[in-house]
2 protein chains.
Amino acid sequence: MITTFSFRSTRVLMALTVGILGLSACAWRPTAPQGTGDLGVVIERASGKVAVINTTHQAILGEVAGLGDLSHASVVFSRDERYAYVFGRDGGLSKVNLLTRQLEARIMQAGNSIGGAMSQDGRYVAAQNYTPGGVKVFDANTLALVADIPAEYAPGKRSRVVGLVDAPTAGQGQRFVFSLFDADAIWVADVPGAGRPPVVHKIEHIGHEPYDGLITPDGHYYIAGLFGEDGLALVDLWAPQLQARKILSGYGRGQEPLPVYKMPHLRGWSVAGRYAYLPAIGHHEVLVVDTETWQEAARIPVRGQPVFVIARPDGKQVWVNFAVPDYSRVQVIDTTTREVVRTLEPGEAVLHMEFTPRADQVWISSRDANRVTVIDPASFDTLQTLTVPAPSGIFLTHRASKTGF
Amino acid sequence: MITTFSFRSTRVLMALTVGILGLSACAWRPTAPQGTGDLGVVIERASGKVAVINTTHQAILGEVAGLGDLSHASVVFSRDERYAYVFGRDGGLSKVNLLTRQLEARIMQAGNSIGGAMSQDGRYVAAQNYTPGGVKVFDANTLALVADIPAEYAPGKRSRVVGLVDAPTAGQGQRFVFSLFDADAIWVADVPGAGRPPVVHKIEHIGHEPYDGLITPDGHYYIAGLFGEDGLALVDLWAPQLQARKILSGYGRGQEPLPVYKMPHLRGWSVAGRYAYLPAIGHHEVLVVDTETWQEAARIPVRGQPVFVIARPDGKQVWVNFAVPDYSRVQVIDTTTREVVRTLEPGEAVLHMEFTPRADQVWISSRDANRVTVIDPASFDTLQTLTVPAPSGIFLTHRASKTGF
């Protein structure tokens, strides 16, 4: 009782204090302690804002504005799951406090950027840039520059960088892996920090025009998709010698290539148990690859050109969205039968899907419907629909605990 | 500048307010917003306390007392990673607020209990009990009883319950799986909640005396260790018909069984890629099992009777601690060569090991040295040593995002 009383009176007093002192605009305001394991953000691509979401209450907690051009944005989280780092297309890097829902820091770190990564230890946040081509590594607390890695592959020539991921350290510093679109190369950079220069391992002739990359959930393999040829490049990050080998060469061979309406995101690739599921570029198929042999194991016909192919965390299902004109559909594949078991139409222009870590929910953004839908992947019931202006990417804080996210 | 100024002055004012109002003893006190993704607890087994830890700063934030008999304790976390639920040997269930570091609720829910689980959706916390034998399910917010599942296998006969885990829902409610030591059975309970009774699927004749169980990280298989015979029981939770089959029968056959100084914890089993690593009961070996065939793939000799066999999150290493008399050692197995690559002696009586989710740290408790050691698993360097009285289990909040933890 006494506890309850003092609890209430305290709140009132705090509220008054806050009112009197007018703290609401300050960088710090008293809030009842709140966990951050069930938080996340939704990109509002047209307005330069993110919506901060809570998956327990399936609610929007508020918005944070002033993040610049979010037409192609991605997000990583601090290791304590308190901050979201938003990478904008315009080269802006913004640090958003999820608890106070305020923009705590923002830098323009390049002219054109397409994403970033968080180091294994959470100390560094790295950005991959088109112009000028390269990778910049920043202190996650202060956003001070820690390392600059120009992607200079020939005198005066800098490549656009794609497929940047964090990787487990090999003991020489925090490791990042990325691909050079214009140099047919994959670079592995170890960043020791504290004023010491990065050590860059350069893997060349990996195949023509790597356009995106991913790291397997265990951090064992890095895979770059190749736009300039029919296949993928694979690097075994556990091998004593870092080198690339070609896999799935000619996976589109013998078929009439279709026009590619949207480049699939390799980040959307998913590994479910022993098998990886990935979009067949230009084809209405999801490819199934055996991660032990890296041979094609199956092809699953779907209703359009896949964009994101995302495994439910337990790997029993794979969810797929599509490029125009099929981009209002979502199809669900059962990995035990490798058949489509459900087709959903949650709203016009599905851009992204994100599962809660234990898969009790999947959040889906429908840009043209200005809607985010929360679905139970076990029953396919719609649990909640939320109005969000032109939503695109959805990112939950548990990504902080996963390699490559 | 202005932000910085108001930030500081605010802090001072808040501090004063706190001082004047004497809020420090209240259930709610103003704290600068803090993330919860890098928090955890260490059990102080002798004193009925837990130490709240932070892995970013590798520090102890404080202690929470009054948790009863923690001689055999385990912990699960709320889905927002704000609360730790501590299960004591005495049947006590305590709800600890990690941010305020206060005991918010505590109930005596049984006479003798050995652990619990958190439902997939985070709404229910379940306890497995010896006396009276059964499972009780509670509301995670209020600790109000939601379901009582007596393990009555014959009129008037109740079994001790072991190996309780949460499992992904099959659509009929939140799912828990557990073993009945005295009834040679595995039960799968679906808890719909809201006053509706649980639906219990009973799998019988699974083998003699199941003593602990685990669920694979993907929630696909439940495995019970058998004390009364030489083998294990496996249930495929994705199969339309729930049934058990025997695996690894006779894995100790042909060898002179050694006295078992401590039952290994199956919870310590680890799945690294395609292979599971588990302690060979009574033998100085770690067994390697192919999870596709469930056949033994290899045996790795180690320096004692394994207790916990824990994979580094990326699966490249497996760390092992031992029963007396070898219980001050830790051995590290490289899963690519299946050889012991390092033997560590972090302090007398190593009881538990816990990795940060991205494996930049492993925390090890040494009971008789009153020490917790933080080690870098890549370099084996000791990053930090902390004094904790008689530490046993170490539990980090990212468990909230994992099935079976």
# chains A, B, ... in the order shown; residues from 1 in each chain; ligands from 1

$ residues_around --residues "range 98-100 of chain A" --least-positions-apart "5" --cutoff "7 Å" --atoms "only C-alpha atoms" --output "PyMOL selection string"
(chain A and resi 52+82-84) or (chain B and resi 33)

$ write_last_selection --atoms "all heavy atoms" --output "PDB file, in the first residue's frame"
ATOM      1  N   VAL A  52       8.555   4.916 -33.874  1.00  0.00           N
ATOM      2  CA  VAL A  52       9.075   3.983 -32.873  1.00  0.00           C
ATOM      3  C   VAL A  52       7.927   3.071 -32.449  1.00  0.00           C
ATOM      4  O   VAL A  52       6.839   3.547 -32.108  1.00  0.00           O
ATOM      5  CB  VAL A  52       9.651   4.725 -31.648  1.00  0.00           C
ATOM      6  CG1 VAL A  52      10.130   3.740 -30.591  1.00  0.00           C
ATOM      7  CG2 VAL A  52      10.789   5.657 -32.078  1.00  0.00           C
ATOM      8  N   ARG A  82      19.206   0.557 -27.047  1.00  0.00           N
ATOM      9  CA  ARG A  82      18.619   1.861 -26.708  1.00  0.00           C
ATOM     10  C   ARG A  82      18.592   2.801 -27.913  1.00  0.00           C
ATOM     11  O   ARG A  82      17.708   3.654 -28.025  1.00  0.00           O
ATOM     12  CB  ARG A  82      19.435   2.493 -25.577  1.00  0.00           C
ATOM     13  CG  ARG A  82      19.050   3.905 -25.216  1.00  0.00           C
ATOM     14  CD  ARG A  82      19.908   4.400 -24.065  1.00  0.00           C
ATOM     15  NE  ARG A  82      19.702   5.825 -23.805  1.00  0.00           N
ATOM     16  CZ  ARG A  82      20.403   6.508 -22.907  1.00  0.00           C
ATOM     17  NH1 ARG A  82      21.343   5.904 -22.202  1.00  0.00           N
ATOM     18  NH2 ARG A  82      20.185   7.791 -22.731  1.00  0.00           N
ATOM     19  N   TYR A  83      19.555   2.674 -28.815  1.00  0.00           N
ATOM     20  CA  TYR A  83      19.690   3.598 -29.950  1.00  0.00           C
ATOM     21  C   TYR A  83      19.498   2.881 -31.276  1.00  0.00           C
ATOM     22  O   TYR A  83      19.959   1.752 -31.459  1.00  0.00           O
ATOM     23  CB  TYR A  83      21.077   4.249 -29.954  1.00  0.00           C
ATOM     24  CG  TYR A  83      21.328   5.147 -28.776  1.00  0.00           C
ATOM     25  CD1 TYR A  83      22.129   4.725 -27.719  1.00  0.00           C
ATOM     26  CD2 TYR A  83      20.750   6.412 -28.706  1.00  0.00           C
ATOM     27  CE1 TYR A  83      22.363   5.546 -26.627  1.00  0.00           C
ATOM     28  CE2 TYR A  83      20.972   7.238 -27.612  1.00  0.00           C
ATOM     29  CZ  TYR A  83      21.781   6.802 -26.584  1.00  0.00           C
ATOM     30  OH  TYR A  83      21.998   7.613 -25.495  1.00  0.00           O
ATOM     31  N   ALA A  84      18.828   3.579 -32.205  1.00  0.00           N
ATOM     32  CA  ALA A  84      18.752   3.134 -33.592  1.00  0.00           C
ATOM     33  C   ALA A  84      19.633   4.065 -34.421  1.00  0.00           C
ATOM     34  O   ALA A  84      19.592   5.288 -34.246  1.00  0.00           O
ATOM     35  CB  ALA A  84      17.315   3.180 -34.095  1.00  0.00           C
TER      36      ALA A  84
ATOM     37  N   PRO B  33      17.132   7.274 -19.017  1.00  0.00           N
ATOM     38  CA  PRO B  33      16.701   6.115 -19.805  1.00  0.00           C
ATOM     39  C   PRO B  33      17.884   5.203 -20.129  1.00  0.00           C
ATOM     40  O   PRO B  33      18.974   5.676 -20.432  1.00  0.00           O
ATOM     41  CB  PRO B  33      16.120   6.760 -21.062  1.00  0.00           C
ATOM     42  CG  PRO B  33      15.665   8.113 -20.620  1.00  0.00           C
ATOM     43  CD  PRO B  33      16.668   8.538 -19.585  1.00  0.00           C
TER      44      PRO B  33
END

$ residues_around --residues "range 182-192 of chain A" --least-positions-apart "4" --cutoff "8 Å" --atoms "only C-alpha atoms" --output "JSON, numbers by chain"
{"A": [147, 153, 159, 160, 169, 172, 173, 174, 175, 176, 177, 178, 196, 197, 198, 199, 200, 201, 202, 203, 204, 205, 206, 207, 208, 209, 210]}

$ write_last_selection --atoms "C-alpha atoms" --output "PDB file, in the first residue's frame"
ATOM      1  CA  ALA A 147      38.456   4.794 -39.691  1.00  0.00           C
ATOM      2  CA  TYR A 153      40.951  -0.124 -56.540  1.00  0.00           C
ATOM      3  CA  SER A 159      34.317   1.849 -56.350  1.00  0.00           C
ATOM      4  CA  ARG A 160      30.768   2.002 -55.093  1.00  0.00           C
ATOM      5  CA  THR A 169      36.445 -10.777 -35.170  1.00  0.00           C
ATOM      6  CA  GLN A 172      42.847  -8.336 -35.117  1.00  0.00           C
ATOM      7  CA  GLY A 173      40.054  -5.870 -34.456  1.00  0.00           C
ATOM      8  CA  GLN A 174      36.406  -5.475 -35.340  1.00  0.00           C
ATOM      9  CA  ARG A 175      35.715  -7.061 -38.724  1.00  0.00           C
ATOM     10  CA  PHE A 176      33.629  -5.733 -41.607  1.00  0.00           C
ATOM     11  CA  VAL A 177      33.157  -7.383 -45.018  1.00  0.00           C
ATOM     12  CA  PHE A 178      31.957  -5.588 -48.153  1.00  0.00           C
ATOM     13  CA  ARG A 196      45.519   2.272 -35.370  1.00  0.00           C
ATOM     14  CA  PRO A 197      44.848   1.865 -39.113  1.00  0.00           C
ATOM     15  CA  PRO A 198      42.477  -0.809 -40.435  1.00  0.00           C
ATOM     16  CA  VAL A 199      44.016  -3.925 -41.997  1.00  0.00           C
ATOM     17  CA  VAL A 200      42.275  -4.658 -45.313  1.00  0.00           C
ATOM     18  CA  HIS A 201      42.366  -8.103 -46.947  1.00  0.00           C
ATOM     19  CA  LYS A 202      41.507  -7.688 -50.640  1.00  0.00           C
ATOM     20  CA  ILE A 203      39.934 -10.585 -52.543  1.00  0.00           C
ATOM     21  CA  GLU A 204      39.922  -9.861 -56.287  1.00  0.00           C
ATOM     22  CA  HIS A 205      38.371 -11.337 -59.448  1.00  0.00           C
ATOM     23  CA  ILE A 206      35.438 -12.626 -57.431  1.00  0.00           C
ATOM     24  CA  GLY A 207      33.044 -12.293 -60.392  1.00  0.00           C
ATOM     25  CA  HIS A 208      31.453  -9.437 -62.314  1.00  0.00           C
ATOM     26  CA  GLU A 209      29.560  -6.620 -60.565  1.00  0.00           C
ATOM     27  CA  PRO A 210      28.762  -7.758 -57.034  1.00  0.00           C
TER      28      PRO A 210
END

$ atom_distance --atom1 "CA of Phe405 in chain A" --atom2 "CA of Ser78 in chain A"
11.2 Å

$ atom_distance --atom1 "CA of Ala280 in chain B" --atom2 "CA of Ala311 in chain B"
15.9 Å

$ residues_around --residues "His220 in chain A" --least-positions-apart "2" --cutoff "8 Å" --atoms "only C-alpha atoms" --output "list in words"
Ile215, Thr216, Pro217, Asp218, Tyr222, Asp236, Leu237 and Trp238 of chain A; Asp314 of chain B

$ residues_around --residues "Gly171 in chain A" --least-positions-apart "6" --cutoff "10 Å" --atoms "only C-alpha atoms" --output "ChimeraX atom specification"
/A:190,192 /B:376-380

$ atom_distance --atom1 "CA of Ala233 in chain B" --atom2 "CA of Gly163 in chain B"
12.0 Å

$ closest_residue --among "B:Gly304, B:Gly66, B:Gly122, B:Gly282" --to "chain A" --atoms "only C-alpha atoms"
B:Gly122

$ residues_around --residues "Arg342 in chain B" --least-positions-apart "6" --cutoff "12 Å" --atoms "only C-alpha atoms" --output "compact mmCIF listing (two decimals) with N, CA, C and O atoms, in the first residue's frame"
# COMPACT_ATOMS: atom_id res chain seq x y z
N VAL B 302 37.84 -35.30 -23.28
CA VAL B 302 38.04 -34.07 -22.51
C VAL B 302 38.60 -34.42 -21.14
O VAL B 302 38.75 -35.60 -20.80
N ARG B 303 38.86 -33.38 -20.32
CA ARG B 303 39.63 -33.58 -19.09
C ARG B 303 38.82 -34.00 -17.87
O ARG B 303 39.35 -34.06 -16.76
N GLN B 317 33.12 -22.65 -31.81
CA GLN B 317 33.72 -23.24 -30.61
C GLN B 317 32.63 -23.84 -29.74
O GLN B 317 31.48 -23.41 -29.76
N VAL B 318 33.04 -24.85 -28.92
CA VAL B 318 32.18 -25.38 -27.87
C VAL B 318 32.98 -25.34 -26.57
O VAL B 318 34.12 -25.80 -26.53
N TRP B 319 32.40 -24.75 -25.55
CA TRP B 319 33.09 -24.61 -24.25
C TRP B 319 32.49 -25.62 -23.27
O TRP B 319 31.27 -25.82 -23.24
N VAL B 320 33.36 -26.26 -22.48
CA VAL B 320 32.95 -27.36 -21.60
C VAL B 320 33.46 -27.12 -20.19
O VAL B 320 34.64 -26.77 -20.00
N ARG B 329 38.41 -26.41 -14.23
CA ARG B 329 38.88 -26.24 -15.60
C ARG B 329 37.74 -25.93 -16.55
O ARG B 329 36.59 -26.31 -16.32
N VAL B 330 38.10 -25.26 -17.64
CA VAL B 330 37.21 -25.09 -18.78
C VAL B 330 38.00 -25.49 -20.01
O VAL B 330 39.17 -25.10 -20.17
N GLN B 331 37.40 -26.31 -20.87
CA GLN B 331 38.07 -26.65 -22.12
C GLN B 331 37.28 -26.12 -23.31
O GLN B 331 36.05 -26.09 -23.30
N VAL B 332 38.03 -25.71 -24.35
CA VAL B 332 37.43 -25.13 -25.55
C VAL B 332 37.71 -26.05 -26.73
O VAL B 332 38.87 -26.39 -27.00
N ILE B 333 36.64 -26.50 -27.38
CA ILE B 333 36.75 -27.37 -28.56
C ILE B 333 36.51 -26.53 -29.81
O ILE B 333 35.57 -25.73 -29.87
N ASP B 334 37.38 -26.67 -30.82
CA ASP B 334 37.16 -26.06 -32.12
C ASP B 334 36.31 -27.03 -32.94
O ASP B 334 36.73 -28.16 -33.20
N PRO B 377 36.42 -14.69 -26.33
CA PRO B 377 36.55 -16.05 -26.89
C PRO B 377 37.41 -16.11 -28.15
O PRO B 377 37.83 -17.20 -28.55
N ALA B 378 37.71 -14.96 -28.76
CA ALA B 378 38.56 -14.96 -29.95
C ALA B 378 40.03 -15.01 -29.58
O ALA B 378 40.82 -15.74 -30.17
N SER B 379 40.40 -14.26 -28.54
CA SER B 379 41.82 -14.18 -28.15
C SER B 379 42.11 -14.95 -26.85
O SER B 379 43.27 -15.17 -26.52
N PHE B 380 41.05 -15.35 -26.14
CA PHE B 380 41.14 -15.98 -24.81
C PHE B 380 41.70 -15.03 -23.76
O PHE B 380 42.01 -15.44 -22.64
N ASP B 381 41.83 -13.75 -24.10
CA ASP B 381 42.25 -12.76 -23.11
C ASP B 381 41.18 -12.59 -22.04
O ASP B 381 39.99 -12.66 -22.33

$ closest_residue --among "A:Trp294, A:Tyr221, A:Trp363, A:Tyr251" --to "chain B" --atoms "only C-alpha atoms"
A:Tyr221

$ closest_residue --among "B:Gly37, B:Gly231, B:Gly91, B:Gly273" --to "chain A" --atoms "only C-alpha atoms"
B:Gly37

$ select_by_dssp --residues "range 65-287 of chain B" --states "strand (DSSP E or B)" --output "ChimeraX atom specification"
/B:74-77,83-87,92-97,102-108,112-118,124-131,134-139,145-150,152-154,157-158,161-167,174-180,185-191,193,196,199-203,210-215,221-226,232-236,244-247,270-272,275-279,285-287

$ write_last_selection --atoms "C-alpha atoms" --output "mmCIF file, in the first residue's frame"
data_model
loop_
_atom_site.group_PDB
_atom_site.id
_atom_site.type_symbol
_atom_site.label_atom_id
_atom_site.label_comp_id
_atom_site.auth_asym_id
_atom_site.auth_seq_id
_atom_site.Cartn_x
_atom_site.Cartn_y
_atom_site.Cartn_z
ATOM 1 C CA SER B 74 17.344 -20.639 -13.072
ATOM 2 C CA VAL B 75 16.147 -17.474 -14.764
ATOM 3 C CA VAL B 76 13.995 -16.393 -17.700
ATOM 4 C CA PHE B 77 13.322 -12.865 -18.944
ATOM 5 C CA TYR B 83 12.285 -8.256 -15.794
ATOM 6 C CA ALA B 84 14.132 -11.376 -14.664
ATOM 7 C CA TYR B 85 12.025 -14.245 -13.289
ATOM 8 C CA VAL B 86 14.069 -16.259 -10.813
ATOM 9 C CA PHE B 87 13.040 -19.846 -9.990
ATOM 10 C CA GLY B 92 9.785 -19.491 -4.964
ATOM 11 C CA LEU B 93 9.181 -17.487 -8.132
ATOM 12 C CA SER B 94 10.576 -13.945 -7.954
ATOM 13 C CA LYS B 95 10.094 -11.086 -10.405
ATOM 14 C CA VAL B 96 13.110 -8.776 -10.431
ATOM 15 C CA ASN B 97 13.119 -5.352 -12.122
ATOM 16 C CA GLN B 102 14.082 -4.170 -6.972
ATOM 17 C CA LEU B 103 12.096 -7.292 -6.177
ATOM 18 C CA GLU B 104 8.660 -6.424 -7.565
ATOM 19 C CA ALA B 105 6.833 -9.655 -6.805
ATOM 20 C CA ARG B 106 7.493 -13.029 -5.216
ATOM 21 C CA ILE B 107 5.290 -16.086 -4.727
ATOM 22 C CA MET B 108 5.864 -19.527 -3.240
ATOM 23 C CA ASN B 112 10.324 -27.895 -4.570
ATOM 24 C CA SER B 113 11.010 -26.504 -8.017
ATOM 25 C CA ILE B 114 13.864 -26.739 -10.479
ATOM 26 C CA GLY B 115 13.186 -24.182 -13.146
ATOM 27 C CA GLY B 116 10.836 -22.676 -15.655
ATOM 28 C CA ALA B 117 10.141 -21.245 -19.067
ATOM 29 C CA MET B 118 8.682 -18.162 -20.743
ATOM 30 C CA TYR B 124 3.073 -16.550 -19.419
ATOM 31 C CA VAL B 125 5.843 -17.802 -17.180
ATOM 32 C CA ALA B 126 5.752 -21.521 -16.296
ATOM 33 C CA ALA B 127 7.414 -23.435 -13.451
ATOM 34 C CA GLN B 128 8.331 -27.144 -13.315
ATOM 35 C CA ASN B 129 7.859 -28.687 -9.912
ATOM 36 C CA TYR B 130 8.988 -31.806 -8.021
ATOM 37 C CA THR B 131 6.572 -31.463 -5.093
ATOM 38 C CA GLY B 134 3.468 -30.706 -12.121
ATOM 39 C CA VAL B 135 3.651 -27.483 -14.056
ATOM 40 C CA LYS B 136 2.095 -24.172 -13.060
ATOM 41 C CA VAL B 137 1.604 -21.334 -15.530
ATOM 42 C CA PHE B 138 1.456 -17.718 -14.356
ATOM 43 C CA ASP B 139 0.649 -14.333 -15.865
ATOM 44 C CA LEU B 145 -2.088 -18.418 -11.717
ATOM 45 C CA VAL B 146 -3.273 -19.003 -15.290
ATOM 46 C CA ALA B 147 -3.098 -22.805 -15.480
ATOM 47 C CA ASP B 148 -2.247 -25.705 -13.172
ATOM 48 C CA ILE B 149 -1.133 -28.955 -14.807
ATOM 49 C CA PRO B 150 -0.657 -31.682 -12.174
ATOM 50 C CA GLU B 152 -0.838 -37.132 -12.398
ATOM 51 C CA TYR B 153 0.050 -40.228 -14.398
ATOM 52 C CA ALA B 154 -2.016 -42.653 -12.328
ATOM 53 C CA LYS B 157 0.272 -40.481 -8.347
ATOM 54 C CA ARG B 158 2.107 -37.333 -9.433
ATOM 55 C CA VAL B 161 8.587 -32.749 -13.712
ATOM 56 C CA VAL B 162 11.876 -32.048 -15.504
ATOM 57 C CA GLY B 163 13.036 -30.598 -18.812
ATOM 58 C CA LEU B 164 10.345 -27.924 -19.102
ATOM 59 C CA VAL B 165 10.782 -25.763 -22.211
ATOM 60 C CA ASP B 166 8.717 -23.274 -24.163
ATOM 61 C CA ALA B 167 7.995 -24.256 -27.767
ATOM 62 C CA GLN B 174 1.116 -21.099 -25.878
ATOM 63 C CA ARG B 175 3.054 -24.383 -25.917
ATOM 64 C CA PHE B 176 5.198 -25.937 -23.188
ATOM 65 C CA VAL B 177 6.935 -29.323 -23.347
ATOM 66 C CA PHE B 178 8.172 -31.269 -20.302
ATOM 67 C CA SER B 179 9.185 -34.711 -19.066
ATOM 68 C CA LEU B 180 7.804 -36.837 -16.229
ATOM 69 C CA ALA B 185 6.484 -39.728 -20.339
ATOM 70 C CA ILE B 186 6.774 -36.458 -22.251
ATOM 71 C CA TRP B 187 3.804 -34.102 -22.156
ATOM 72 C CA VAL B 188 3.085 -31.278 -24.603
ATOM 73 C CA ALA B 189 0.721 -28.677 -23.134
ATOM 74 C CA ASP B 190 -1.040 -25.963 -25.143
ATOM 75 C CA VAL B 191 -2.209 -23.134 -22.864
ATOM 76 C CA GLY B 193 -5.209 -18.813 -21.359
ATOM 77 C CA ARG B 196 -9.731 -21.897 -20.966
ATOM 78 C CA VAL B 199 -4.832 -29.132 -23.798
ATOM 79 C CA VAL B 200 -2.255 -31.779 -22.865
ATOM 80 C CA HIS B 201 -0.843 -34.256 -25.389
ATOM 81 C CA LYS B 202 0.651 -37.199 -23.484
ATOM 82 C CA ILE B 203 3.475 -39.217 -25.041
ATOM 83 C CA PRO B 210 13.845 -38.855 -18.323
ATOM 84 C CA TYR B 211 15.983 -36.559 -16.168
ATOM 85 C CA ASP B 212 16.193 -33.392 -18.261
ATOM 86 C CA GLY B 213 15.208 -32.118 -21.690
ATOM 87 C CA LEU B 214 15.979 -29.527 -24.291
ATOM 88 C CA ILE B 215 14.470 -28.070 -27.417
ATOM 89 C CA TYR B 221 12.887 -31.221 -31.785
ATOM 90 C CA TYR B 222 12.491 -31.933 -28.082
ATOM 91 C CA ILE B 223 15.038 -34.315 -26.598
ATOM 92 C CA ALA B 224 14.890 -35.945 -23.177
ATOM 93 C CA GLY B 225 17.933 -37.536 -21.576
ATOM 94 C CA LEU B 226 17.259 -40.919 -19.972
ATOM 95 C CA LEU B 232 17.702 -40.468 -25.386
ATOM 96 C CA ALA B 233 14.100 -39.811 -26.411
ATOM 97 C CA LEU B 234 13.374 -37.555 -29.410
ATOM 98 C CA VAL B 235 10.077 -35.864 -30.291
ATOM 99 C CA ASP B 236 9.557 -34.146 -33.661
ATOM 100 C CA ALA B 244 8.842 -40.221 -29.274
ATOM 101 C CA ARG B 245 11.604 -42.348 -30.711
ATOM 102 C CA LYS B 246 14.786 -43.605 -29.105
ATOM 103 C CA ILE B 247 18.099 -42.201 -30.321
ATOM 104 C CA SER B 270 24.488 -27.124 -27.923
ATOM 105 C CA VAL B 271 23.728 -27.315 -31.583
ATOM 106 C CA ALA B 272 26.507 -25.918 -33.759
ATOM 107 C CA TYR B 275 25.862 -31.152 -35.185
ATOM 108 C CA ALA B 276 24.831 -31.303 -31.551
ATOM 109 C CA TYR B 277 27.429 -31.531 -28.814
ATOM 110 C CA LEU B 278 26.471 -33.206 -25.570
ATOM 111 C CA PRO B 279 28.072 -34.571 -22.424
ATOM 112 C CA GLU B 285 33.911 -37.347 -23.466
ATOM 113 C CA VAL B 286 31.792 -34.937 -25.448
ATOM 114 C CA LEU B 287 29.524 -36.694 -27.937
#

$ closest_residue --among "A:Gly88, A:Pro155, A:Gly195, A:Gly219" --to "chain B" --atoms "only C-alpha atoms"
A:Gly219
